[in-house]
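Here's the structure we're looking at; comments come further down.
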Amino acid sequence: MKPYRNPTASAASTPLLLLCFFALYLLTTISPALLTTTSPSPYHSLFLSLSSNSSSSSHLRRLTRLPHISSSEANSLAASYVLSSFPFPSHSTSYSVLLSFPLHRSLSLLSPSSPPVHFSLTQIPSPSDPSSSVASLAVPTFHAYAHSGVVAAPLTYAYYGRVEDFDTLQSLGINVTGTVVLARYGMIFRGDIVKNAQDAGAAAVLVYSDYEDYAKGDTFPAGQWLPETGVQVGSTLRAQGDPTTPDWSCRAGEEECERVDKEEIVRKGFMPGVPSLPISGKDGEELHKAMGGQVAPDNWQGREGTPVYHLGPGPGVVNLTYMGNETLRTIQNVFAVIEGKEEPDRYVLLGNHRDAWTFGAVDPNSGTAALLELAERLSKLQKKGWRPRRTIILCNWDAEEYGLIGSTEWVEENREILTSRAVAYLNVDSAVHGPGFQASATPQLDSLLIEASKMVKDPDNPSQTIYDSWISSSDSGSVGRLGGAGSDHAAFVQHIGVPSVDMSFGHGFPVYHSIFDDYLWMEKFGDPMFQRHVAAASIWGLVALRLADDEILPFDYISYASELKRGAKTIEEEAAGNSVRFSPLYKSIEEFRTAATKINDDKKALERKLWGVALSKDQSKLRELNDRLMMAERAFIDGQGLSGREWHKHLVYGTSKTDDYGSKSYPGINDAIGDAKKSNSSDAWRSVQHEIYRAARAVKQASSVLNGGLT
């Protein structure tokens, strides 16, 4: 670009020439880090100033007026409310999926030393709670997709129902075959509790909320803890998405749609083969009283003052009946779209689910309220002239509680487009459980999360930022990993390899999935001033704005290389003492680190160039660099998927084979090591070596994407 020169004022041109030479000097001497194109936009600061805790409160009150299980009329009303509340062009997409509902449940106890007990299986709300007037509209307590059946058998206690807990019982000479297993909620996914009990030979499973875990103080409404009749409802589906349409979707109204038979789903272990019921802490205590045999280990005992726990079997015998109805129902996802100005075909997606087992004030509608408040702020920015560089899509999912169904069906239907166009997915399920910021992510987004946390005030201590309180917490500001399948990020990360984030305030809350998760609980204990909702929307929105507006995507793959190596060392320790070699994986990781350093240098060079010349001249280079940054995560996806778990295709982060909530690094290697330790055969250890090579190849492919050239 030629400097401006006025021929009629040559004397005045001298200072201008000096200014030009000074600018040129800056371009050639100042550190590229100072010439970044990612300095905060004034719109981003404005976004923070537009917050409204009254808006979040109003949205949450409206969303939690009624229990709204997926496919219910109340949930359709909630969908309409979200649709009408989005201040941008919005639409809904419906799918026909298999959902599960209880038809009949009964539970009774026969004990030699006391009269028979017939359990009501009913949660009793407090009359002082405004939600109590409509609590009877909630679905009866049940496990979705539980096997229908009638069982009469003695009880056995299995602690949290983990694989290691059943191993402990076996080592103590306790045979659970043909018994009804009593297990505590916590530690692992309830569907895996049932599966582990079934694998051990149990005839049925009862899962209860032990007072030691869920009633450590005053119970609701006097305190935050779960009342004695409170029950955690939930799904036992060990799969993501509609189990009748694995890897594909069926839109509502489609007459021709391939579906898998229920018998096949059960045979593959996705649905249980034995009946189960969730029960209250009060009912769990009553069942413990009827058990004899060996005294349970000290760490298996309940809180002080409760009866001593025994392992059984018996002498108490339970009669359990569960009859369920699995039926096709219509679910409804809702979307709002803010079209990007320069790159409308690049998508930054923000998602939260809407459906709840009961009122869902924490789970999930604290997240829905935050999403709607965030949308209001973006609308105000738009009125002040802001338009995102890339398209922002706000997603409100249905049927998450049943097995991440709404998000998974949508991802499966749009797999190819999302694979080529999705920049990132930002998930907030339950925005507020209580105090303390929590976040998990794929590693290239760690730095962006930390930067955003430094810009938002801590809602519980305005004298410091979220980052300040985060690093001083017990988690020391650490970012978790997204291998688990506990929320709607799963399809994006583990199925198609989209960089993702999941965040919340607090981690876990005692009235989870019960009728006591209502507006009053949130108002009294979760977020009395709704400031945590505001903070959640702020950090969620800031991360989204950076991803949507920054000319160069704010991804950091150098930190990813460190995470890859850390995970490799952890998994190598699991295989210690055996002949497998991890050198192929470590070599690939070092190649990845070199590629990450190269693309980081390429970013700095382009930042310097964009600062000094017209942006339009370098659009193609900018696009090429951003594509490399965006697509590297896809390289960790292997089309064959994990062995025995083909839907899960990410070879670096995935679920634990024995806990769907748990996150594992290199899940394929981890699975193979577990199998090899059981059989200790040479073939099994060769399978471990094969999985190491698979992971190494995936990391090498990611390096190639970052390098941006053919070999």
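Chain labels follow the order of the structure tokens: the first chain is A, the next B, and so on; residue numbering restarts at 1 in every chain, and ligands are counted from 1 in their shown order.
If you count only C-alpha atoms and ignore residues fewer than 6 places along the chain from A:Tyr322, what sits within 10 Å of it is Pro102, Leu103, His104, Arg105, Ser106, Leu107, Phe142, His143, Ala146, His147, Ser148, Gly149, Val150, Val151, Val274, Pro275, Ser276 and Leu277 of chain A.
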> When DSSP works through the backbone of this structure, what residues of stretch 114-264 of chain A end up as helix (DSSP H, G or I), shown as a count of residues only?
Replying inline: 34
>> Using only C-alpha atoms, can you tell me which of A:Lys603, A:Gln438, A:Val181, A:Ser579 comes closest to A:Ser682?
In response: A:Ser579
>> Excluding A:Pro125 and its own-chain neighbours fewer than 4 positions away, which residues fall within 10 Å of it when counting only C-alpha atoms? Please give them as a PyMOL selection string.
In response: chain A and resi 129-136+220-221+227+229-230+515-516
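Candidate residues A:Val205, A:Ser54, A:Glu326, A:Ala197 were compared for distance to A:Tyr145, and the nearest is A:Glu326, using only C-alpha atoms.
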>> Considering only strand (DSSP E or B) as DSSP defines it on the backbone, what residues of stretch 73-163 of chain A qualify? List them as a VMD selection string.
In response: chain A and resid 90 to 111 114 to 118 143 to 144 149 to 157
I need the residues from that last selection saved to file as a JSON list (two decimals), in the first residue's frame (with N, CA and C atoms), if you can.
[["chain", "number", "residue", "atom", "x", "y", "z"],
["A", 90, "SER", "N", -34.85, -18.90, 14.59],
["A", 90, "SER", "CA", -34.80, -20.16, 15.32],
["A", 90, "SER", "C", -35.72, -21.19, 14.67],
["A", 91, "HIS", "N", -35.46, -22.45, 14.98],
["A", 91, "HIS", "CA", -36.26, -23.54, 14.44],
["A", 91, "HIS", "C", -36.11, -24.76, 15.34],
["A", 92, "SER", "N", -36.91, -25.78, 15.09],
["A", 92, "SER", "CA", -36.80, -27.02, 15.85],
["A", 92, "SER", "C", -36.66, -28.19, 14.88],
["A", 93, "THR", "N", -36.06, -29.25, 15.36],
["A", 93, "THR", "CA", -35.89, -30.48, 14.60],
["A", 93, "THR", "C", -36.33, -31.64, 15.47],
["A", 94, "SER", "N", -37.20, -32.49, 14.94],
["A", 94, "SER", "CA", -37.78, -33.58, 15.73],
["A", 94, "SER", "C", -37.32, -34.94, 15.23],
["A", 95, "TYR", "N", -37.17, -35.86, 16.17],
["A", 95, "TYR", "CA", -36.77, -37.23, 15.87],
["A", 95, "TYR", "C", -37.71, -38.22, 16.55],
["A", 96, "SER", "N", -37.82, -39.40, 15.95],
["A", 96, "SER", "CA", -38.59, -40.49, 16.53],
["A", 96, "SER", "C", -37.60, -41.45, 17.18],
["A", 97, "VAL", "N", -37.69, -41.61, 18.50],
["A", 97, "VAL", "CA", -36.69, -42.39, 19.24],
["A", 97, "VAL", "C", -37.37, -43.29, 20.26],
["A", 98, "LEU", "N", -36.63, -44.28, 20.74],
["A", 98, "LEU", "CA", -37.16, -45.22, 21.73],
["A", 98, "LEU", "C", -36.94, -44.65, 23.13],
["A", 99, "LEU", "N", -38.02, -44.37, 23.83],
["A", 99, "LEU", "CA", -37.95, -43.94, 25.22],
["A", 99, "LEU", "C", -38.58, -45.01, 26.11],
["A", 100, "SER", "N", -38.40, -44.86, 27.41],
["A", 100, "SER", "CA", -38.80, -45.89, 28.36],
["A", 100, "SER", "C", -39.59, -45.25, 29.50],
["A", 101, "PHE", "N", -40.67, -45.94, 29.91],
["A", 101, "PHE", "CA", -41.54, -45.43, 30.97],
["A", 101, "PHE", "C", -41.99, -46.59, 31.87],
["A", 102, "PRO", "N", -42.25, -46.32, 33.15],
["A", 102, "PRO", "CA", -42.69, -47.39, 34.05],
["A", 102, "PRO", "C", -44.19, -47.64, 33.93],
["A", 103, "LEU", "N", -44.56, -48.91, 33.92],
["A", 103, "LEU", "CA", -45.97, -49.29, 33.96],
["A", 103, "LEU", "C", -46.38, -49.76, 35.35],
["A", 104, "HIS", "N", -45.51, -50.56, 35.98],
["A", 104, "HIS", "CA", -45.83, -51.09, 37.32],
["A", 104, "HIS", "C", -44.53, -51.35, 38.08],
["A", 105, "ARG", "N", -44.54, -50.98, 39.36],
["A", 105, "ARG", "CA", -43.38, -51.23, 40.23],
["A", 105, "ARG", "C", -43.89, -51.66, 41.61],
["A", 106, "SER", "N", -43.22, -52.59, 42.20],
["A", 106, "SER", "CA", -43.53, -52.96, 43.59],
["A", 106, "SER", "C", -42.30, -53.55, 44.23],
["A", 107, "LEU", "N", -42.19, -53.36, 45.54],
["A", 107, "LEU", "CA", -41.05, -53.88, 46.29],
["A", 107, "LEU", "C", -41.52, -54.18, 47.72],
["A", 108, "SER", "N", -41.24, -55.39, 48.17],
["A", 108, "SER", "CA", -41.57, -55.77, 49.54],
["A", 108, "SER", "C", -40.43, -56.58, 50.13],
["A", 109, "LEU", "N", -40.39, -56.65, 51.46],
["A", 109, "LEU", "CA", -39.31, -57.32, 52.18],
["A", 109, "LEU", "C", -39.90, -58.32, 53.15],
["A", 110, "LEU", "N", -39.40, -59.54, 53.09],
["A", 110, "LEU", "CA", -39.75, -60.58, 54.05],
["A", 110, "LEU", "C", -38.52, -60.87, 54.89],
["A", 111, "SER", "N", -38.66, -60.68, 56.22],
["A", 111, "SER", "CA", -37.54, -60.90, 57.12],
["A", 111, "SER", "C", -37.97, -61.82, 58.23],
["A", 114, "SER", "N", -38.99, -59.84, 61.59],
["A", 114, "SER", "CA", -39.91, -58.70, 61.62],
["A", 114, "SER", "C", -41.04, -58.90, 60.62],
["A", 115, "PRO", "N", -42.14, -58.14, 60.77],
["A", 115, "PRO", "CA", -43.26, -58.27, 59.84],
["A", 115, "PRO", "C", -42.86, -57.85, 58.43],
["A", 116, "PRO", "N", -43.60, -58.29, 57.42],
["A", 116, "PRO", "CA", -43.31, -57.88, 56.04],
["A", 116, "PRO", "C", -43.39, -56.36, 55.89],
["A", 117, "VAL", "N", -42.55, -55.84, 55.01],
["A", 117, "VAL", "CA", -42.53, -54.40, 54.72],
["A", 117, "VAL", "C", -42.87, -54.21, 53.25],
["A", 118, "HIS", "N", -43.84, -53.35, 52.99],
["A", 118, "HIS", "CA", -44.20, -53.00, 51.61],
["A", 118, "HIS", "C", -43.80, -51.55, 51.37],
["A", 143, "HIS", "N", -35.94, -46.78, 36.74],
["A", 143, "HIS", "CA", -34.74, -46.76, 35.90],
["A", 143, "HIS", "C", -35.17, -46.90, 34.45],
["A", 144, "ALA", "N", -34.88, -45.90, 33.65],
["A", 144, "ALA", "CA", -35.24, -45.99, 32.23],
["A", 144, "ALA", "C", -34.50, -47.15, 31.58],
["A", 149, "GLY", "N", -39.49, -57.64, 34.81],
["A", 149, "GLY", "CA", -39.43, -58.97, 35.39],
["A", 149, "GLY", "C", -39.91, -58.98, 36.83],
["A", 150, "VAL", "N", -40.06, -60.21, 37.38],
["A", 150, "VAL", "CA", -40.45, -60.43, 38.77],
["A", 150, "VAL", "C", -39.38, -61.29, 39.41],
["A", 151, "VAL", "N", -38.86, -60.84, 40.56],
["A", 151, "VAL", "CA", -37.79, -61.56, 41.24],
["A", 151, "VAL", "C", -38.10, -61.64, 42.73],
["A", 152, "ALA", "N", -37.89, -62.82, 43.31],
["A", 152, "ALA", "CA", -37.94, -63.02, 44.76],
["A", 152, "ALA", "C", -36.64, -63.69, 45.16],
["A", 153, "ALA", "N", -35.81, -63.00, 45.93],
["A", 153, "ALA", "CA", -34.48, -63.54, 46.22],
["A", 153, "ALA", "C", -33.89, -62.82, 47.43],
["A", 154, "PRO", "N", -32.90, -63.45, 48.09],
["A", 154, "PRO", "CA", -32.22, -62.80, 49.22],
["A", 154, "PRO", "C", -31.35, -61.63, 48.73],
["A", 155, "LEU", "N", -31.03, -60.75, 49.67],
["A", 155, "LEU", "CA", -30.24, -59.55, 49.37],
["A", 155, "LEU", "C", -28.75, -59.78, 49.58],
["A", 156, "THR", "N", -27.97, -59.12, 48.74],
["A", 156, "THR", "CA", -26.52, -59.05, 48.91],
["A", 156, "THR", "C", -26.10, -57.59, 48.76],
["A", 157, "TYR", "N", -25.19, -57.13, 49.62],
["A", 157, "TYR", "CA", -24.73, -55.74, 49.58],
["A", 157, "TYR", "C", -23.42, -55.65, 48.80]]
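Atom pair atom CA of A:Thr465 / atom CA of A:Ser453: separated by 6.9 Å.
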Using only C-alpha atoms, find each residue in stretch 47-99 of chain A having at least one atom no more than 10 Å away from stretch 523-529 of chain A; report its shortest atom-to-atom pair and that distance in Å (one decimal), rows by chain then rising number, as a Markdown table.
| residue | atom | partner | partner_atom | distance |
| --- | --- | --- | --- | --- |
| A:Asn53 | CA | A:Met529 | CA | 7.3 |
| A:Ser54 | CA | A:Met529 | CA | 8.7 |
| A:Ser57 | CA | A:Met529 | CA | 8.6 |
| A:Arg61 | CA | A:Glu523 | CA | 9.8 |
Go ahead and save the picked residues with N, CA and C atoms, as a PDB file, in the first residue's frame.
ATOM      1  N   ASN A  53     -29.001 -10.968  36.305  1.00  0.00           N
ATOM      2  CA  ASN A  53     -29.392 -12.116  37.127  1.00  0.00           C
ATOM      3  C   ASN A  53     -30.908 -12.247  37.230  1.00  0.00           C
ATOM      4  N   SER A  54     -31.632 -11.155  37.080  1.00  0.00           N
ATOM      5  CA  SER A  54     -33.096 -11.243  37.117  1.00  0.00           C
ATOM      6  C   SER A  54     -33.619 -11.986  35.888  1.00  0.00           C
ATOM      7  N   SER A  57     -33.089 -15.710  36.576  1.00  0.00           N
ATOM      8  CA  SER A  57     -34.090 -16.144  37.558  1.00  0.00           C
ATOM      9  C   SER A  57     -35.458 -16.314  36.922  1.00  0.00           C
ATOM     10  N   ARG A  61     -37.494 -19.876  36.609  1.00  0.00           N
ATOM     11  CA  ARG A  61     -38.819 -20.051  37.223  1.00  0.00           C
ATOM     12  C   ARG A  61     -39.825 -20.553  36.194  1.00  0.00           C
TER      13      ARG A  61
END
> If we count only C-alpha atoms, what is near stretch 352-359 of chain A at a cut-off of 9 Å, once residues fewer than 3 positions away on the same chain are taken out, given as a VMD selection string?
Replying inline: chain A and resid 63 to 71 75 78 to 79 82 131 135 137 to 139 233 to 234 333 362 to 365 367 to 368 371 394 to 401 404 406 to 407 426 to 430 487 to 488 513 to 519
> Between atom CA of A:Ala375 and atom CA of A:Trp540, what is the distance, to one decimal in Å?
Replying inline: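 Going from atom CA of A:Ala375 over to atom CA of A:Trp540 covers 11.0 Å.
Closest approach to A:Phe189 among A:Glu591, A:Glu574, A:Asp502, A:Asp659 is made by A:Asp659 (distances from only C-alpha atoms).
With only C-alpha atoms as the basis for measurement, A:Thr244 is the residue among A:Arg162, A:Gly360, A:Tyr557, A:Thr244 that approaches A:Thr327 most closely.
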> Near A:Asp550, within 12 Å and counting only C-alpha atoms, which residues show up once chain neighbours fewer than 3 positions away are dropped, as a PyMOL selection string?
Replying inline: chain A and resi 36-41+44+342-343+348+388-390+423+448+542-547+553-555+607+622+626
> For A:Ser56, which residue among A:Pro510, A:Gln464, A:Ala370, A:Arg566 is the nearest when counting only C-alpha atoms?
Replying inline: A:Ala370
Within 10 Å of A:Pro243, counting only C-alpha atoms, which residues show up once you throw out same-chain ones fewer than 3 positions away? Write them as a PDB file with N, CA and C atoms, in the first residue's frame, please.
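Result file is out-v2.pdb:
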ATOM      1  N   VAL A  97     -37.686 -41.607  18.498  1.00  0.00           N
ATOM      2  CA  VAL A  97     -36.689 -42.386  19.244  1.00  0.00           C
ATOM      3  C   VAL A  97     -37.373 -43.292  20.257  1.00  0.00           C
ATOM      4  N   LEU A  98     -36.635 -44.284  20.737  1.00  0.00           N
ATOM      5  CA  LEU A  98     -37.159 -45.219  21.735  1.00  0.00           C
ATOM      6  C   LEU A  98     -36.936 -44.650  23.129  1.00  0.00           C
ATOM      7  N   LEU A  99     -38.023 -44.369  23.833  1.00  0.00           N
ATOM      8  CA  LEU A  99     -37.952 -43.935  25.221  1.00  0.00           C
ATOM      9  C   LEU A  99     -38.584 -45.005  26.115  1.00  0.00           C
ATOM     10  N   LEU A 237     -29.294 -46.994  30.210  1.00  0.00           N
ATOM     11  CA  LEU A 237     -28.847 -47.261  28.846  1.00  0.00           C
ATOM     12  C   LEU A 237     -27.337 -47.093  28.750  1.00  0.00           C
ATOM     13  N   ARG A 238     -26.658 -48.099  28.283  1.00  0.00           N
ATOM     14  CA  ARG A 238     -25.201 -48.048  28.146  1.00  0.00           C
ATOM     15  C   ARG A 238     -24.816 -47.807  26.688  1.00  0.00           C
ATOM     16  N   ALA A 239     -25.416 -46.784  26.121  1.00  0.00           N
ATOM     17  CA  ALA A 239     -25.146 -46.387  24.740  1.00  0.00           C
ATOM     18  C   ALA A 239     -25.511 -44.925  24.602  1.00  0.00           C
ATOM     19  N   GLN A 240     -25.019 -44.289  23.547  1.00  0.00           N
ATOM     20  CA  GLN A 240     -25.349 -42.897  23.273  1.00  0.00           C
ATOM     21  C   GLN A 240     -26.330 -42.851  22.109  1.00  0.00           C
ATOM     22  N   PRO A 246     -28.478 -47.015  15.988  1.00  0.00           N
ATOM     23  CA  PRO A 246     -27.059 -46.743  16.267  1.00  0.00           C
ATOM     24  C   PRO A 246     -26.352 -46.235  15.021  1.00  0.00           C
ATOM     25  N   ASP A 247     -25.715 -45.091  15.142  1.00  0.00           N
ATOM     26  CA  ASP A 247     -24.909 -44.494  14.065  1.00  0.00           C
ATOM     27  C   ASP A 247     -25.740 -43.809  12.980  1.00  0.00           C
ATOM     28  N   ARG A 259     -34.481 -49.947  11.978  1.00  0.00           N
ATOM     29  CA  ARG A 259     -34.321 -49.974  13.427  1.00  0.00           C
ATOM     30  C   ARG A 259     -33.811 -51.337  13.879  1.00  0.00           C
ATOM     31  N   VAL A 260     -33.054 -51.317  14.960  1.00  0.00           N
ATOM     32  CA  VAL A 260     -32.534 -52.538  15.568  1.00  0.00           C
ATOM     33  C   VAL A 260     -33.556 -53.054  16.571  1.00  0.00           C
ATOM     34  N   ASP A 261     -33.753 -54.379  16.621  1.00  0.00           N
ATOM     35  CA  ASP A 261     -34.690 -54.985  17.564  1.00  0.00           C
ATOM     36  C   ASP A 261     -34.194 -54.832  19.002  1.00  0.00           C
ATOM     37  N   LYS A 262     -35.158 -54.761  19.924  1.00  0.00           N
ATOM     38  CA  LYS A 262     -34.820 -54.634  21.341  1.00  0.00           C
ATOM     39  C   LYS A 262     -33.966 -55.806  21.816  1.00  0.00           C
ATOM     40  N   GLU A 264     -31.759 -57.462  20.250  1.00  0.00           N
ATOM     41  CA  GLU A 264     -30.383 -57.246  19.827  1.00  0.00           C
ATOM     42  C   GLU A 264     -29.699 -56.210  20.725  1.00  0.00           C
ATOM     43  N   ILE A 265     -30.452 -55.203  21.125  1.00  0.00           N
ATOM     44  CA  ILE A 265     -29.905 -54.165  22.003  1.00  0.00           C
ATOM     45  C   ILE A 265     -29.517 -54.765  23.347  1.00  0.00           C
ATOM     46  N   VAL A 266     -30.390 -55.625  23.891  1.00  0.00           N
ATOM     47  CA  VAL A 266     -30.100 -56.281  25.168  1.00  0.00           C
ATOM     48  C   VAL A 266     -28.915 -57.230  25.013  1.00  0.00           C
ATOM     49  N   PHE A 270     -26.358 -53.101  25.742  1.00  0.00           N
ATOM     50  CA  PHE A 270     -26.704 -51.687  25.810  1.00  0.00           C
ATOM     51  C   PHE A 270     -27.881 -51.445  26.760  1.00  0.00           C
ATOM     52  N   MET A 271     -28.784 -52.401  26.860  1.00  0.00           N
ATOM     53  CA  MET A 271     -29.876 -52.356  27.824  1.00  0.00           C
ATOM     54  C   MET A 271     -29.727 -53.536  28.773  1.00  0.00           C
ATOM     55  N   GLY A 403     -30.095 -40.784  27.500  1.00  0.00           N
ATOM     56  CA  GLY A 403     -28.863 -41.314  26.918  1.00  0.00           C
ATOM     57  C   GLY A 403     -28.301 -40.406  25.856  1.00  0.00           C
ATOM     58  N   ILE A 405     -29.702 -38.458  23.796  1.00  0.00           N
ATOM     59  CA  ILE A 405     -30.341 -38.867  22.552  1.00  0.00           C
ATOM     60  C   ILE A 405     -30.501 -37.711  21.570  1.00  0.00           C
TER      61      ILE A 405
END
